[in-house]
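Asks: Please see the structure below; I have some questions.
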Amino acid sequence: MGDLGNFCLLLALVCAVWSILTSWLGRQNSLSDLVRSGERAAQAAGILLTISTLALIKSFLDDDFSLLYVAQNSTRSQPAAYKVAALWGGQAGSLLLWAWILSGYGFLVVTQNRRRHRDLMPGVTATLMSILTFFLVLLAFVANPFEANNGPVVEGAGLNPLLQNPLMVSHPPTLYLGYVGVAVPFAFAIAALLTGRLGNEWIVTIRRWSLFAWFCLGIGILQGGYWAYVELGWGGYWAWDPVENASLMPWLAMSAFIHSAMIQEKKGMLKVWNMILVLIAFGLSIFGTFITRSGVIASVHSFARSGIGPWFSGFLFVIVTVALSLLVWRLPKLKAENRLDSFISRESAFLFNNVIFVAICFTVFWGTVYPILTEAFSGSKVSVGPPWFNQWIVPISLFLLFLTGVGPLIAWRRASAKNLRVNFTRPIIAGAVTVVFLIAMGMRQPFALAAFGLCVFVLATIFVEFYRGARARQAVSKESFPVGISTLVGRNKRRYGGYIVHVGMVLIFAGVAGSAGFQQEVSATLKRGQSMSIGPYEITFTDTASSSDAHKDVLSAILTVARDGKQVATLKPEKWFFRASQQPTTETAIYGMWQWPPHLSDDVYTVLVDQNAKTGGYTFKVYLNPLISLIWIGGFVLIIGTHIAVLPEWSREKVFTAAPAREARHAAT
Amino acid sequence: MPRPDPRPGDVIVLLLSIAASISLVAARQEAPHPPPAPGGVAEGSEAVKRVTTRVLCMCGTCVNQTLHECTCGMAAQERDHVAEQIAAGKSPDAVIEAYVTEFGVQILATPEKTGFNLVGWLVPFVVSIVLLIVLTYTLRGWVRPEVPDSMVPLSSTTSPGDAVERRYRERLERELEEFKG
């Protein structure tokens with residue numbers, strides 16, 4: 001299997017190089033056959049890398065320790081799902097996953113556009129295959145997952161215990177789908193710059209690709225947050241770790257792009273800005289892979305490190321230089337076709353929203369690279385931890401939340417004072433009433449008050465949009481209110497899908513505000529029968545249990561959770577000791593939204609820290625995380641909203657023009 | 001009589017005011033004080049937390065996690081060590097200082113607000129403000145000059161449609177010129 005995988009890998013490299021050359025020569029000499037040949041080579045690379053990846057997965061499932069990578073990341077006793085997940089558990093496999101996904105995207109893009117965008121496609125194919133070539137060179141000559149293991153090996157080292165979590169089966173591929181997905185908009189942007197076709201064509205074509213990449217990054221980030229929450233045992237989900245930041249930055253750049261692309265579509269403006277955002281997003285996705293893989297910045301998530309940092313920094317340099325040179329070359333053709341009608345308009349609100357996204361992105365970038373800069377300039381190493389990020393990101397994010405409410409209700413082109421008054425009076429009152437109510441209930445934290453007030457303000461603006469639209473439909477079509485809402489969403493999926501995404505983001509904000517602002521924690525060493533209290537809950541340590549399986553020993557503590565004297569849950573926080581790696585992990589136990597019936601107001605989060613040798617008791621940490629379930633619910637809403645937004649629009653015109661055509665076909669048959 | 005539209009200057013002042021208010025509000029946030037555990041043996045106090053939330057775990061695997069958050073064995077030992085130091089009468093600042101002497105400033109969760117590190121603290125703020133100001137002035141340049149209604153005579157033969165048509169004609173000519181060039 002290893003030989004087959006390696007052979008396909010090398011053949012894919014040949015195909016990718018062939019694809020670049022033929023796409024380029026075909027385009028320069030207007031030889032469509034050469035262009036087609038390049039596209040077929042790109043598709044072949046996709047098929048070959050699929051075989052290569054499946055060969056490595058098969059080697060994992062067969063415990064083929066003759067391959068060094070398999071021996072380093074798997075054991076015989078590892079469950080099958082984790083044997084598959086071990087594919088991305090180390091350096092070389094992660095790079096193979098990157099390349100495989102990219103080749104898959106290349107296959108889809110070429111197939112999707114075999115009759116469309118013929119001017120752009122050679123540039124798109126050549127760009128995608130150039131990126132693929134970089135990864136394939138790394139895979140073939142620097143970090144080859146099919147490298148033979150010298151010497152007999154009867155057992156592998158096993159997957160990093162922290163990665164042996166069900167979420168690790170889905171989190172890295174989802175995140176990679178996003179990271180790599182940004183390559184498609186980037187390829188179209190480069191093709192547009194190369195060909196000079198800088199109108200709306202490329203922007204319209206990549207809309208769904210951009211949304212897909214953005215969505216995968218977002219869901220991948222949320223999955224990563226949930227993994228950290230349940231696996232790392234510190235009661236939180238986001239630590240501003242460099243690798244977490246690396247996934248957030250392209251997401252922020254893509255968020256800005258998704259908004260500003262609408263301005264280019266509607267007004268023919270922001271062409272340069274949109275180009276820059278796509279280039280930044282792709283640059284950051286490579287930068288993210290560089291951070292994760294190079295070890296240049298220490299991170300709790302750097303599960304795979306090696307000396308490939310210089311390769312990535314060189315590649316990043318080439319990308320930035322080529323992209324900026326093309327951009328400067330085409331600047332005269334990127335002039336705006338229109339001007340703004342008014343400073344007070346939705347266009348302006350979108351631009352402010354863009355600047356805020358970029359400001360947050362820059363702040364995250366600055367905090368991530370600052371330790372390297374200080375070491376380079378002052379010679380002393382510093383750490384940039386969560387307090388630094390929170391100080392800057394929290395206020396800027398609140399401002400972004402405010403603009404999320406303003407954007408949908410302010411008029412396109414020009415908003416009059418009346419428009420502002422009519423649209424914003426009720427949402428502002430709703431937000432203000434919320435703040436007053438919370439103060440009356442005893443809340444005194446200014447940050448939380450601002451966050452919750454703004455959350456209600458934004459939800460009110462979205463509600464007003466839905467309400468007005470549904471009422472308008474009721475007036476015109478005499479539909480009931482619920483039918484009016486569904487017709488409204490069905491008729492303008494992009495717009496209302498976007499609003500639903502905003503609802504998801506508001507829920508995530510509220511969850512963050514509640515859990516970060518009002519988290520309580522108690523740490524105590526208990527003996528059997530002793531209790532500890534947190535908020536309204538009493539937690540009693542009743543017993544311990546031990547067990548073993550093929551590759552780990554498990555120590556469980558049994559805790560009962562009671563509220564108002566009534567037992568509501570039994571929790572089993574655990575310590576796992578992996579024998580192969582001699583590494584312990586913390587397995588949390590949570591009373592929260594996954595119970596039946598779901599418990600949404602707060603999570604009781606329990607951790608078994610260790611056995612206290614001095615007292616003979618067991619040390620527990622218990623966190624009470626209010627509203628944290630809103631973060632995960634917000635994630636689900638975000639999924640629903642994005643799916644609605646990417647569904648095709650069935651316009652009235654399409655229906656009317658399609659009907660006669662259908663009738664004609666029926667008549668002919 | 002219709003009210004005039006707000007001016008760009010007013011809007012930027014409003015936006016900056018909102019941004020500044022939110023910043024002030026957020027900067028003043030304080031973490032709530034958790035109630036003490038009535039049962040068992042309490043491990044931490046506020047003084048201990050002042051140290052453990054500022055000092056990172058240096059075990060080598062728990063990167064970017066403070067002693068307070070980290071669940072590894074070394075962090076648990078260090079928390080006990082901090083508690084002992086505080087119980088022995090040391091101030092939180094003195095305990096932190098001892099850690100810095102032993103491990104260097106990289107043990108602190110955030111850079112100190114002195115010397116070169118001020119650059120690290122201030123750059124995001126300065127960049128955000130500069131971005132907002134640049135955007136405001138750019139937008140002012142992009143906004144089409146408004147022609148007051150009173151300037152257009154009622155008997156004028158030029159309708160708004162003509163103006164649009166004139167713009168398109170100018171654009172067509174400009175693009176044809178570019179195409180020829």
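As shown in the structure tokens, the chain order sets the letters A, B, ...; within each chain, residues go from 1, and ligands are also counted from 1 in the order they appear.
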Please report as a ChimeraX atom specification which residues of chain A come no farther than 7 Å from chain B, using only C-alpha atoms.

Replies: /A:233-234,241,298-300,339-343,355,359,363,370,381-385,387-388,391,394-395,398-399,416-417,445-447,517-518,520-526,530-533,609

Asks: I want to know what sits within 7 Å of Leu459 of chain A, based on only C-alpha atoms, with residues of the same chain fewer than 4 positions away left out; could you give that as a VMD selection string?

Replies: chain A and resid 455 463 503

Asks: Apply DSSP to the backbone of this structure and, from segment 49-279 of chain A, keep only the residues in helix (DSSP H, G or I); write these as a VMD selection string.

Replies: chain A and resid 49 to 61 68 to 73 80 to 88 91 to 112 121 to 142 161 to 163 167 to 181 183 to 195 201 to 205 207 to 231 242 to 267 271 to 279

Asks: Please return as a ChimeraX atom specification: the residues of segment 481-662 of chain A that backbone DSSP assigns to strand (DSSP E or B).

Replies: /A:520-526,531-534,537-548,552-563,566-571,574-578,583-587,589-591,602-611,618-626

Asks: Measure the distance from atom CA of Leu401 of chain A to atom CA of Val126 of chain B in Å and round it to one decimal.

Replies: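 Those two atoms sit 20.6 Å apart.
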
Asks: When distances are computed from only C-alpha atoms, which of B:Lys113, B:Arg79, B:Arg50, B:Arg169 shows the smallest separation from Leu67 of chain B?

Replies: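 Closest to Leu67 of chain B, using only C-alpha atoms: B:Arg79.
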
Asks: Determine, counting only C-alpha atoms, which protein, DNA and RNA residues have an atom within 10 Å of an atom of Asp119 of chain A; residues of the same chain fewer than 4 positions away are not included. Present the result as an NGL selection string.

Replies: :A and (27 or 30 or 123-124 or 191-192 or 195-197)

Asks: Write out the residues from the selection above, keeping C-alpha atoms, as an mmCIF file, in the first residue's frame.

Replies:
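Everything below was put into part14.cif:
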```
data_model
loop_
_atom_site.group_PDB
_atom_site.id
_atom_site.type_symbol
_atom_site.label_atom_id
_atom_site.label_comp_id
_atom_site.auth_asym_id
_atom_site.auth_seq_id
_atom_site.Cartn_x
_atom_site.Cartn_y
_atom_site.Cartn_z
ATOM 1 C CA ARG A 27 -3.663 30.510 -22.542
ATOM 2 C CA SER A 30 -4.870 30.453 -27.445
ATOM 3 C CA GLY A 123 -5.317 31.074 -14.655
ATOM 4 C CA VAL A 124 -7.492 29.364 -12.036
ATOM 5 C CA ALA A 191 -6.861 34.628 -12.725
ATOM 6 C CA ALA A 192 -8.887 37.844 -12.844
ATOM 7 C CA THR A 195 -6.540 38.208 -17.577
ATOM 8 C CA GLY A 196 -7.683 41.702 -16.715
ATOM 9 C CA ARG A 197 -11.282 40.485 -16.393
#
```

Asks: Residues within 10 Å of Ile86 of chain B, please, as a list in words. Count only C-alpha atoms; anything in the same chain fewer than 3 positions from it doesn't count.

Replies: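 With the cut-off at 10 Å, the set is Ser45, Ala47, Val48, Val51, Asp80, His81, Val82, Ala83, Gly89, Lys90, Ser91, Pro92, Ala94 and Val95 of chain B.
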
Asks: Please save C-alpha atoms of the selected residues as a PDB file, in the first residue's frame.

Replies:
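What follows is the written file again_35.pdb:
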```
ATOM      1  CA  SER B  45      -7.835  32.489  47.620  1.00  0.00           C
ATOM      2  CA  ALA B  47      -4.382  36.541  46.617  1.00  0.00           C
ATOM      3  CA  VAL B  48      -3.390  33.169  45.144  1.00  0.00           C
ATOM      4  CA  VAL B  51      -0.614  35.253  41.086  1.00  0.00           C
ATOM      5  CA  ASP B  80       0.118  24.715  46.138  1.00  0.00           C
ATOM      6  CA  HIS B  81       3.519  26.420  46.148  1.00  0.00           C
ATOM      7  CA  VAL B  82       1.931  29.829  45.558  1.00  0.00           C
ATOM      8  CA  ALA B  83      -0.623  29.193  48.311  1.00  0.00           C
ATOM      9  CA  GLY B  89       3.115  36.273  54.333  1.00  0.00           C
ATOM     10  CA  LYS B  90       4.533  37.048  50.897  1.00  0.00           C
ATOM     11  CA  SER B  91       2.627  39.547  48.803  1.00  0.00           C
ATOM     12  CA  PRO B  92       1.286  38.422  45.385  1.00  0.00           C
ATOM     13  CA  ALA B  94       6.625  39.415  45.482  1.00  0.00           C
ATOM     14  CA  VAL B  95       5.648  35.887  44.436  1.00  0.00           C
TER      15      VAL B  95
END
```

Asks: Separation of atom CA of Val561 of chain A and atom CA of Tyr537 of chain A, in Å?

Replies: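 Taking atom CA of Val561 of chain A and atom CA of Tyr537 of chain A, their separation equals 6.6 Å.
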